[in-house]
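**Student:** Structure file entry.cif (mmCIF, C-alpha atoms) right here:
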```
data_entry
#
loop_
_atom_site.label_atom_id
_atom_site.label_comp_id
_atom_site.auth_asym_id
_atom_site.auth_seq_id
_atom_site.Cartn_x
_atom_site.Cartn_y
_atom_site.Cartn_z
CA MET A 1 -26.88 22.02 -28.37
CA THR A 2 -25.37 25.32 -27.23
CA GLU A 3 -21.93 25.57 -25.66
CA SER A 4 -23.54 26.15 -22.25
CA GLU A 5 -25.76 23.10 -22.63
CA ILE A 6 -22.78 20.97 -23.59
CA ARG A 7 -20.72 22.22 -20.63
CA ASP A 8 -23.67 21.60 -18.31
CA LEU A 9 -24.14 18.07 -19.65
CA CYS A 10 -20.43 17.37 -19.12
CA THR A 11 -20.59 18.64 -15.52
CA ARG A 12 -23.73 16.60 -14.79
CA PHE A 13 -22.02 13.53 -16.22
CA PHE A 14 -19.01 13.84 -13.94
CA ASP A 15 -21.08 14.79 -10.89
CA ALA A 16 -23.14 11.63 -11.44
CA TYR A 17 -19.97 9.55 -11.82
CA GLU A 18 -18.59 11.02 -8.60
CA GLY A 19 -21.90 10.50 -6.79
CA ARG A 20 -22.14 6.89 -8.02
CA ARG A 21 -25.57 7.62 -9.46
CA ILE A 22 -25.72 4.93 -12.12
CA ASP A 23 -29.39 5.62 -12.92
CA GLU A 24 -28.56 9.24 -13.71
CA LEU A 25 -25.62 8.19 -15.86
CA ALA A 26 -27.96 5.95 -17.83
CA GLU A 27 -30.17 8.98 -18.45
CA ILE A 28 -27.29 11.21 -19.50
CA MET A 29 -25.78 8.68 -21.92
CA ALA A 30 -27.64 7.83 -25.13
CA PRO A 31 -28.78 4.19 -25.32
CA ASP A 32 -26.37 3.62 -28.23
CA CYS A 33 -23.51 5.55 -26.62
CA ILE A 34 -20.09 4.07 -27.31
CA ILE A 35 -17.19 4.28 -24.86
CA TRP A 36 -13.65 3.85 -26.18
CA HIS A 37 -10.47 3.73 -24.11
CA ASN A 38 -6.99 4.41 -25.48
CA CYS A 39 -5.49 1.78 -23.18
CA TYR A 40 -7.68 -1.04 -24.52
CA GLY A 41 -8.34 0.18 -28.07
CA LYS A 42 -11.85 -1.28 -27.88
CA GLU A 43 -15.33 0.16 -27.99
CA VAL A 44 -17.72 -0.71 -25.18
CA ALA A 45 -21.49 -0.36 -25.25
CA VAL A 46 -23.05 1.78 -22.55
CA ALA A 47 -25.05 -1.14 -21.10
CA ASP A 48 -21.82 -3.10 -20.55
CA LEU A 49 -20.12 -0.11 -18.96
CA LEU A 50 -22.98 0.54 -16.56
CA ALA A 51 -23.19 -3.15 -15.59
CA LYS A 52 -19.54 -3.10 -14.51
CA MET A 53 -19.73 0.13 -12.53
CA PRO A 54 -20.64 -1.36 -9.12
CA ASP A 55 -17.53 -3.54 -9.25
CA SER A 56 -15.45 -0.59 -10.37
CA TYR A 57 -16.73 1.59 -7.52
CA ALA A 58 -16.01 -1.18 -5.01
CA MET A 59 -12.26 -0.63 -5.40
CA HIS A 60 -12.37 2.78 -3.73
CA ARG A 61 -14.02 4.35 -0.70
CA SER A 62 -14.41 7.54 -2.70
CA ARG A 63 -13.50 8.97 -6.07
CA THR A 64 -13.51 12.65 -6.88
CA TYR A 65 -13.17 14.24 -10.28
CA ASN A 66 -11.15 17.37 -9.62
CA ASP A 67 -9.43 20.20 -11.48
CA ARG A 68 -11.94 19.98 -14.29
CA THR A 69 -11.10 22.04 -17.35
CA ILE A 70 -13.89 21.85 -19.92
CA ASN A 71 -13.74 23.11 -23.49
CA ALA A 72 -16.85 22.83 -25.63
CA PHE A 73 -16.87 22.68 -29.40
CA GLY A 74 -19.59 22.27 -32.02
CA ASP A 75 -20.89 18.83 -31.11
CA GLY A 76 -19.06 17.93 -27.97
CA PHE A 77 -16.51 18.68 -25.29
CA VAL A 78 -13.06 17.86 -24.08
CA ILE A 79 -12.53 17.66 -20.34
CA GLN A 80 -9.20 17.39 -18.56
CA TYR A 81 -9.34 16.34 -14.92
CA THR A 82 -7.64 14.64 -12.02
CA LEU A 83 -9.30 11.47 -10.77
CA HIS A 84 -8.53 11.14 -7.08
CA GLY A 85 -9.31 7.79 -5.50
CA VAL A 86 -9.24 6.85 -1.83
CA CYS A 87 -8.94 3.12 -1.14
CA HIS A 88 -10.68 1.40 1.76
CA ASP A 89 -7.43 1.33 3.73
CA GLY A 90 -7.04 5.10 3.34
CA TYR A 91 -4.41 4.99 0.62
CA SER A 92 -5.06 7.54 -2.10
CA GLY A 93 -3.83 7.92 -5.64
CA SER A 94 -4.48 10.06 -8.69
CA LEU A 95 -4.80 9.67 -12.42
CA TRP A 96 -4.69 12.47 -14.98
CA ILE A 97 -7.28 11.85 -17.64
CA CYS A 98 -8.73 13.48 -20.73
CA ILE A 99 -12.12 12.63 -22.17
CA VAL A 100 -13.52 13.74 -25.49
CA GLY A 101 -17.30 13.53 -25.50
CA ARG A 102 -19.75 13.82 -28.37
CA CYS A 103 -23.24 15.10 -27.62
CA ALA A 104 -26.59 15.25 -29.38
CA ASP A 105 -30.13 15.96 -28.24
CA GLY A 106 -29.09 16.52 -24.65
CA LYS A 107 -27.22 13.24 -24.30
CA VAL A 108 -23.66 11.97 -24.53
CA THR A 109 -23.34 9.79 -27.63
CA ARG A 110 -19.66 8.86 -27.57
CA ILE A 111 -16.77 8.97 -25.12
CA ASP A 112 -13.09 8.65 -25.98
CA GLU A 113 -11.00 8.31 -22.83
CA TYR A 114 -7.25 8.93 -22.72
CA ILE A 115 -5.57 7.54 -19.63
CA ASP A 116 -2.19 6.12 -18.58
CA SER A 117 -2.63 2.47 -17.64
CA GLY A 118 0.94 2.48 -16.33
CA LYS A 119 -0.39 4.35 -13.30
CA PHE A 120 -3.21 1.89 -12.54
CA PRO A 121 -1.23 -0.11 -9.92
CA ALA A 122 -0.33 3.02 -7.95
CA PHE A 123 -3.93 4.22 -8.21
CA ARG A 124 -5.33 1.05 -6.68
CA THR A 125 -2.91 0.15 -3.93
CA VAL A 126 0.13 1.26 -2.00
CA PRO A 127 3.18 0.92 -4.28
CA PRO A 128 5.73 -1.62 -3.01
CA GLN A 129 8.72 -0.11 -1.25
CA THR A 130 11.96 -0.51 -3.20
CA MET B 131 -9.44 35.87 -47.82
CA PRO B 132 -8.09 35.35 -44.29
CA LEU B 133 -8.31 31.87 -42.89
CA SER B 134 -10.94 31.17 -40.27
CA HIS B 135 -9.95 30.51 -36.67
CA GLU B 136 -10.78 26.82 -37.16
CA SER B 137 -8.55 26.61 -40.25
CA ARG B 138 -5.66 28.40 -38.55
CA MET B 139 -5.80 26.12 -35.50
CA ARG B 140 -5.98 23.02 -37.67
CA ASP B 141 -3.03 24.30 -39.68
CA VAL B 142 -0.88 24.84 -36.58
CA CYS B 143 -1.70 21.34 -35.37
CA ASN B 144 -0.97 19.69 -38.72
CA ARG B 145 2.27 21.62 -39.13
CA LEU B 146 3.44 20.45 -35.71
CA LEU B 147 2.60 16.79 -36.26
CA ASP B 148 4.04 16.87 -39.80
CA ALA B 149 7.24 18.45 -38.48
CA ILE B 150 7.60 15.87 -35.70
CA GLU B 151 6.97 13.11 -38.23
CA ALA B 152 9.59 14.57 -40.60
CA ARG B 153 12.09 15.14 -37.75
CA ASP B 154 12.32 18.78 -38.73
CA MET B 155 13.66 20.19 -35.47
CA ASP B 156 13.99 23.73 -36.86
CA LEU B 157 10.31 23.82 -37.78
CA ILE B 158 9.25 22.28 -34.48
CA GLY B 159 11.29 24.95 -32.70
CA ALA B 160 9.60 27.65 -34.78
CA ILE B 161 6.10 26.36 -33.94
CA PHE B 162 6.84 26.22 -30.21
CA ALA B 163 6.69 29.64 -28.53
CA PRO B 164 9.81 30.54 -26.53
CA ASP B 165 7.84 30.20 -23.30
CA LEU B 166 6.20 26.89 -24.25
CA GLN B 167 4.99 24.70 -21.39
CA PHE B 168 4.60 21.00 -22.21
CA TRP B 169 2.80 18.78 -19.70
CA ALA B 170 2.16 15.03 -20.03
CA ASN B 171 -0.27 12.87 -18.03
CA PHE B 172 2.21 10.02 -17.70
CA THR B 173 4.80 12.16 -15.91
CA ASN B 174 2.61 14.91 -14.41
CA GLN B 175 5.57 17.18 -15.09
CA THR B 176 5.90 20.30 -17.19
CA LYS B 177 8.84 20.89 -19.50
CA GLY B 178 9.98 24.09 -21.16
CA ARG B 179 10.65 24.56 -24.86
CA ASP B 180 14.36 23.68 -24.88
CA GLU B 181 13.87 20.67 -22.64
CA MET B 182 11.04 19.47 -24.88
CA LEU B 183 13.08 19.88 -28.06
CA GLU B 184 15.83 17.80 -26.45
CA ALA B 185 13.30 15.13 -25.47
CA ILE B 186 11.85 14.96 -28.98
CA SER B 187 15.31 14.74 -30.49
CA ALA B 188 16.34 12.00 -28.06
CA GLY B 189 13.11 10.14 -28.78
CA TYR B 190 14.02 9.84 -32.45
CA ALA B 191 16.92 7.58 -31.53
CA LEU B 192 14.44 5.01 -30.23
CA HIS B 193 12.45 4.67 -33.45
CA ARG B 194 13.18 4.29 -37.13
CA ARG B 195 9.91 5.94 -38.03
CA ARG B 196 6.92 7.63 -36.43
CA ASP B 197 3.62 8.41 -38.14
CA TYR B 198 0.87 10.55 -36.70
CA ASN B 199 -2.29 9.11 -38.23
CA ASP B 200 -6.06 9.22 -37.77
CA ARG B 201 -5.91 12.87 -36.85
CA HIS B 202 -9.14 14.30 -35.52
CA ILE B 203 -8.55 17.99 -34.93
CA ARG B 204 -11.02 20.41 -33.39
CA ALA B 205 -10.45 24.11 -32.89
CA LEU B 206 -10.97 25.38 -29.35
CA ASP B 207 -11.40 29.04 -28.37
CA ASP B 208 -7.68 29.50 -27.74
CA GLY B 209 -6.13 26.50 -29.43
CA PHE B 210 -6.96 23.01 -30.57
CA LEU B 211 -7.75 19.46 -29.56
CA ALA B 212 -6.08 16.66 -31.52
CA GLN B 213 -6.88 12.97 -31.20
CA TYR B 214 -4.48 10.80 -33.14
CA SER B 215 -2.63 7.53 -33.31
CA CYS B 216 1.15 7.47 -33.22
CA ALA B 217 2.47 4.48 -35.17
CA ILE B 218 6.08 3.73 -34.36
CA THR B 219 8.53 1.44 -36.10
CA ARG B 220 11.49 0.45 -33.96
CA HIS B 221 14.96 -0.20 -35.35
CA ASP B 222 14.38 -3.96 -35.14
CA GLY B 223 11.28 -3.57 -37.35
CA SER B 224 8.75 -4.18 -34.60
CA GLN B 225 5.81 -1.83 -34.51
CA ALA B 226 3.40 -0.38 -32.00
CA VAL B 227 0.53 2.08 -32.00
CA HIS B 228 -0.24 4.58 -29.28
CA TRP B 229 -3.52 6.47 -29.15
CA ALA B 230 -3.12 9.95 -27.79
CA ALA B 231 -4.86 13.25 -27.30
CA MET B 232 -3.30 16.67 -27.19
CA ILE B 233 -4.85 19.94 -26.05
CA ALA B 234 -2.85 22.96 -27.14
CA GLU B 235 -3.05 26.67 -26.46
CA VAL B 236 -2.00 28.86 -29.38
CA LYS B 237 -1.01 32.52 -29.48
CA ASP B 238 0.10 34.34 -32.63
CA GLU B 239 0.22 31.05 -34.56
CA ARG B 240 2.68 29.53 -32.07
CA ILE B 241 2.00 26.96 -29.40
CA VAL B 242 2.39 28.20 -25.85
CA ARG B 243 1.10 25.13 -23.99
CA ILE B 244 0.51 21.47 -24.73
CA ASP B 245 -1.19 18.95 -22.46
CA GLU B 246 -0.58 15.47 -23.83
CA TYR B 247 -2.42 12.32 -22.76
CA MET B 248 -0.91 8.94 -23.67
CA ASP B 249 -0.89 5.43 -22.26
CA ALA B 250 2.65 4.96 -20.97
CA GLY B 251 1.64 1.47 -19.91
CA LYS B 252 2.17 0.54 -23.56
CA PHE B 253 5.64 2.05 -23.84
CA ALA B 254 8.37 -0.51 -24.47
CA PRO B 255 11.07 -0.57 -21.80
CA ARG B 256 13.96 1.66 -22.81
CA PRO B 257 17.30 -0.05 -23.38
CA ALA B 258 19.73 0.29 -20.51
CA ALA B 259 22.16 3.18 -20.92
#
```
Spell out the structure here as structure tokens.
**Tutor:**
Amino acid sequence: MTESEIRDLCTRFFDAYEGRRIDELAEIMAPDCIIWHNCYGKEVAVADLLAKMPDSYAMHRSRTYNDRTINAFGDGFVIQYTLHGVCHDGYSGSLWICIVGRCADGKVTRIDEYIDSGKFPAFRTVPPQT
Amino acid sequence: MPLSHESRMRDVCNRLLDAIEARDMDLIGAIFAPDLQFWANFTNQTKGRDEMLEAISAGYALHRRRDYNDRHIRALDDGFLAQYSCAITRHDGSQAVHWAAMIAEVKDERIVRIDEYMDAGKFAPRPAA
């Protein structure tokens, strides 16, 4: 894949995530794609990830993937972005995330996600007043 | 024969992680450009070179040993991407591993910007001052 094709695949992937288009995500990710998260240290199969997405989306009224900085290399990309979530009560929070993706034959074959789980509570609900 | 861009970027990355591992503050200071900007996802704040050197030095007091293992380094157009695990040994002998990624911008063999992504949710609480 060329650098442009890799960058385009990365953008399509995040646009589909933002648009909650699970069918399109399933097309973009290879059937044997592996997703690994630094906060869990475990690999997840793409089918398991996609099955959990409706529940994940239910936490927020909207999620946008902003400030995307994409660098492509030989067989993949690294994207840095801000995930902005708006809860159903209007509260909003952000996470700063980095994903390293591997690509082959027009599909994403592996994702390594680097995220700070310490910010999950503030991302999901209004922090308690101290 | 001059080193390729890929080799030079990998070398800068390995020198930095080796220097941090070895607690070689002089070498770390030499690898950081004077106008270094260091940003981390768990603070969303940017530190300058001197502030970062102080933070690294202070961090050593928390751990007996730190190893930067499982390094996967890729050259980018203007720097490098490093995925690695940071294995720490605390003074009481307990250990922990943090998986991190670092995207660095390099100019003239020195690092001018680092964006570091770690899971601060796994950091042990710091002892009260």
**Student:** Counting all atoms listed in the file, which residue out of B:Ser134, B:Thr219, B:Ser187, B:Asn171 sits closest to chain A?
**Tutor:**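 Closest to chain A, using all atoms listed in the file: B:Asn171.
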**Student:** What are the residues of chain B lining chain A at 7 Å or less? Count all atoms listed in the file, and put the answer as a PyMOL selection string.
**Tutor:** chain B and resi 171-172+206+229-231+247-251
**Student:** Quick check on the file I pasted: which residues fall under the PyMOL selection byres ((chain A and resi 88) around 6)? Write them as a list in words.
**Tutor:** His60, Arg61, Cys87, Asp89 and Gly90 of chain A
**Student:** Do you have the CA of Val44 in chain A-CA of Ser56 in chain A distance handy?
**Tutor:**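 Taking CA of Val44 in chain A and CA of Ser56 in chain A, their separation equals 15.0 Å.
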**Student:** Could you give me, as a list in words, the residues within 8 Å of Asp75 in chain A, counting all atoms listed in the file and dropping anything in the same chain fewer than 6 positions from it?
**Tutor:**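 Close residues of Asp75 in chain A: Met1, Arg102, Cys103 and Ala104 of chain A.
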**Student:** Which residues, named as in the file, does the PyMOL selection byres ((chain B and resi 209) around 7) pick out? Answer as a VMD selection string.
**Tutor:** chain B and resid 139 205 to 208 210 234 to 236
**Student:** Could you save the residues just selected, with C-alpha atoms, as a PDB file, in the frame of the given file?
**Tutor:**
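Listed below is the output, selection.pdb:
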```
ATOM      1  CA  MET B 139      -5.800  26.120 -35.500  1.00  0.00           C
ATOM      2  CA  ALA B 205     -10.450  24.110 -32.890  1.00  0.00           C
ATOM      3  CA  LEU B 206     -10.970  25.380 -29.350  1.00  0.00           C
ATOM      4  CA  ASP B 207     -11.400  29.040 -28.370  1.00  0.00           C
ATOM      5  CA  ASP B 208      -7.680  29.500 -27.740  1.00  0.00           C
ATOM      6  CA  PHE B 210      -6.960  23.010 -30.570  1.00  0.00           C
ATOM      7  CA  ALA B 234      -2.850  22.960 -27.140  1.00  0.00           C
ATOM      8  CA  GLU B 235      -3.050  26.670 -26.460  1.00  0.00           C
ATOM      9  CA  VAL B 236      -2.000  28.860 -29.380  1.00  0.00           C
TER      10      VAL B 236
END
```
**Student:** Using all atoms listed in the file, can you tell me which of B:Met182, B:Ala152, B:Val142, B:Ile241 comes closest to Ala170 in chain B?
**Tutor:**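 So, comparing all the options, the nearest one is B:Met182.
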**Student:** Quick check, in Å to one decimal: how far apart do CA of Met155 in chain B and CA of Gln167 in chain B lie?
**Tutor:**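 Separation between CA of Met155 in chain B and CA of Gln167 in chain B: 17.1 Å.
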**Student:** Work out how far CA of Pro121 in chain A is from CA of Asp48 in chain A, in Å to one decimal.
**Tutor:**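 Value for the CA of Asp48 in chain A-CA of Pro121 in chain A distance: 23.4 Å.
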**Student:** Can you work out which one of A:Tyr81, A:Trp36, A:Phe123, A:Tyr57 has the shortest atom-to-atom distance to Gly101 in chain A, counting all atoms listed in the file?
**Tutor:**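 Distance minimum relative to Gly101 in chain A lands on A:Trp36.
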**Student:** Give me the residues within 7 Å of His228 in chain B as an MDAnalysis selection string, counting only C-alpha atoms and dropping any in the same chain fewer than 4 places off.
**Tutor:** chainID B and resid 215:217
**Student:** Save out the residues we just selected, C-alpha atoms, as an mmCIF file, in the frame of the given file.
**Tutor:**
```
data_model
loop_
_atom_site.group_PDB
_atom_site.id
_atom_site.type_symbol
_atom_site.label_atom_id
_atom_site.label_comp_id
_atom_site.auth_asym_id
_atom_site.auth_seq_id
_atom_site.Cartn_x
_atom_site.Cartn_y
_atom_site.Cartn_z
ATOM 1 C CA SER B 215 -2.630 7.530 -33.310
ATOM 2 C CA CYS B 216 1.150 7.470 -33.220
ATOM 3 C CA ALA B 217 2.470 4.480 -35.170
#
```
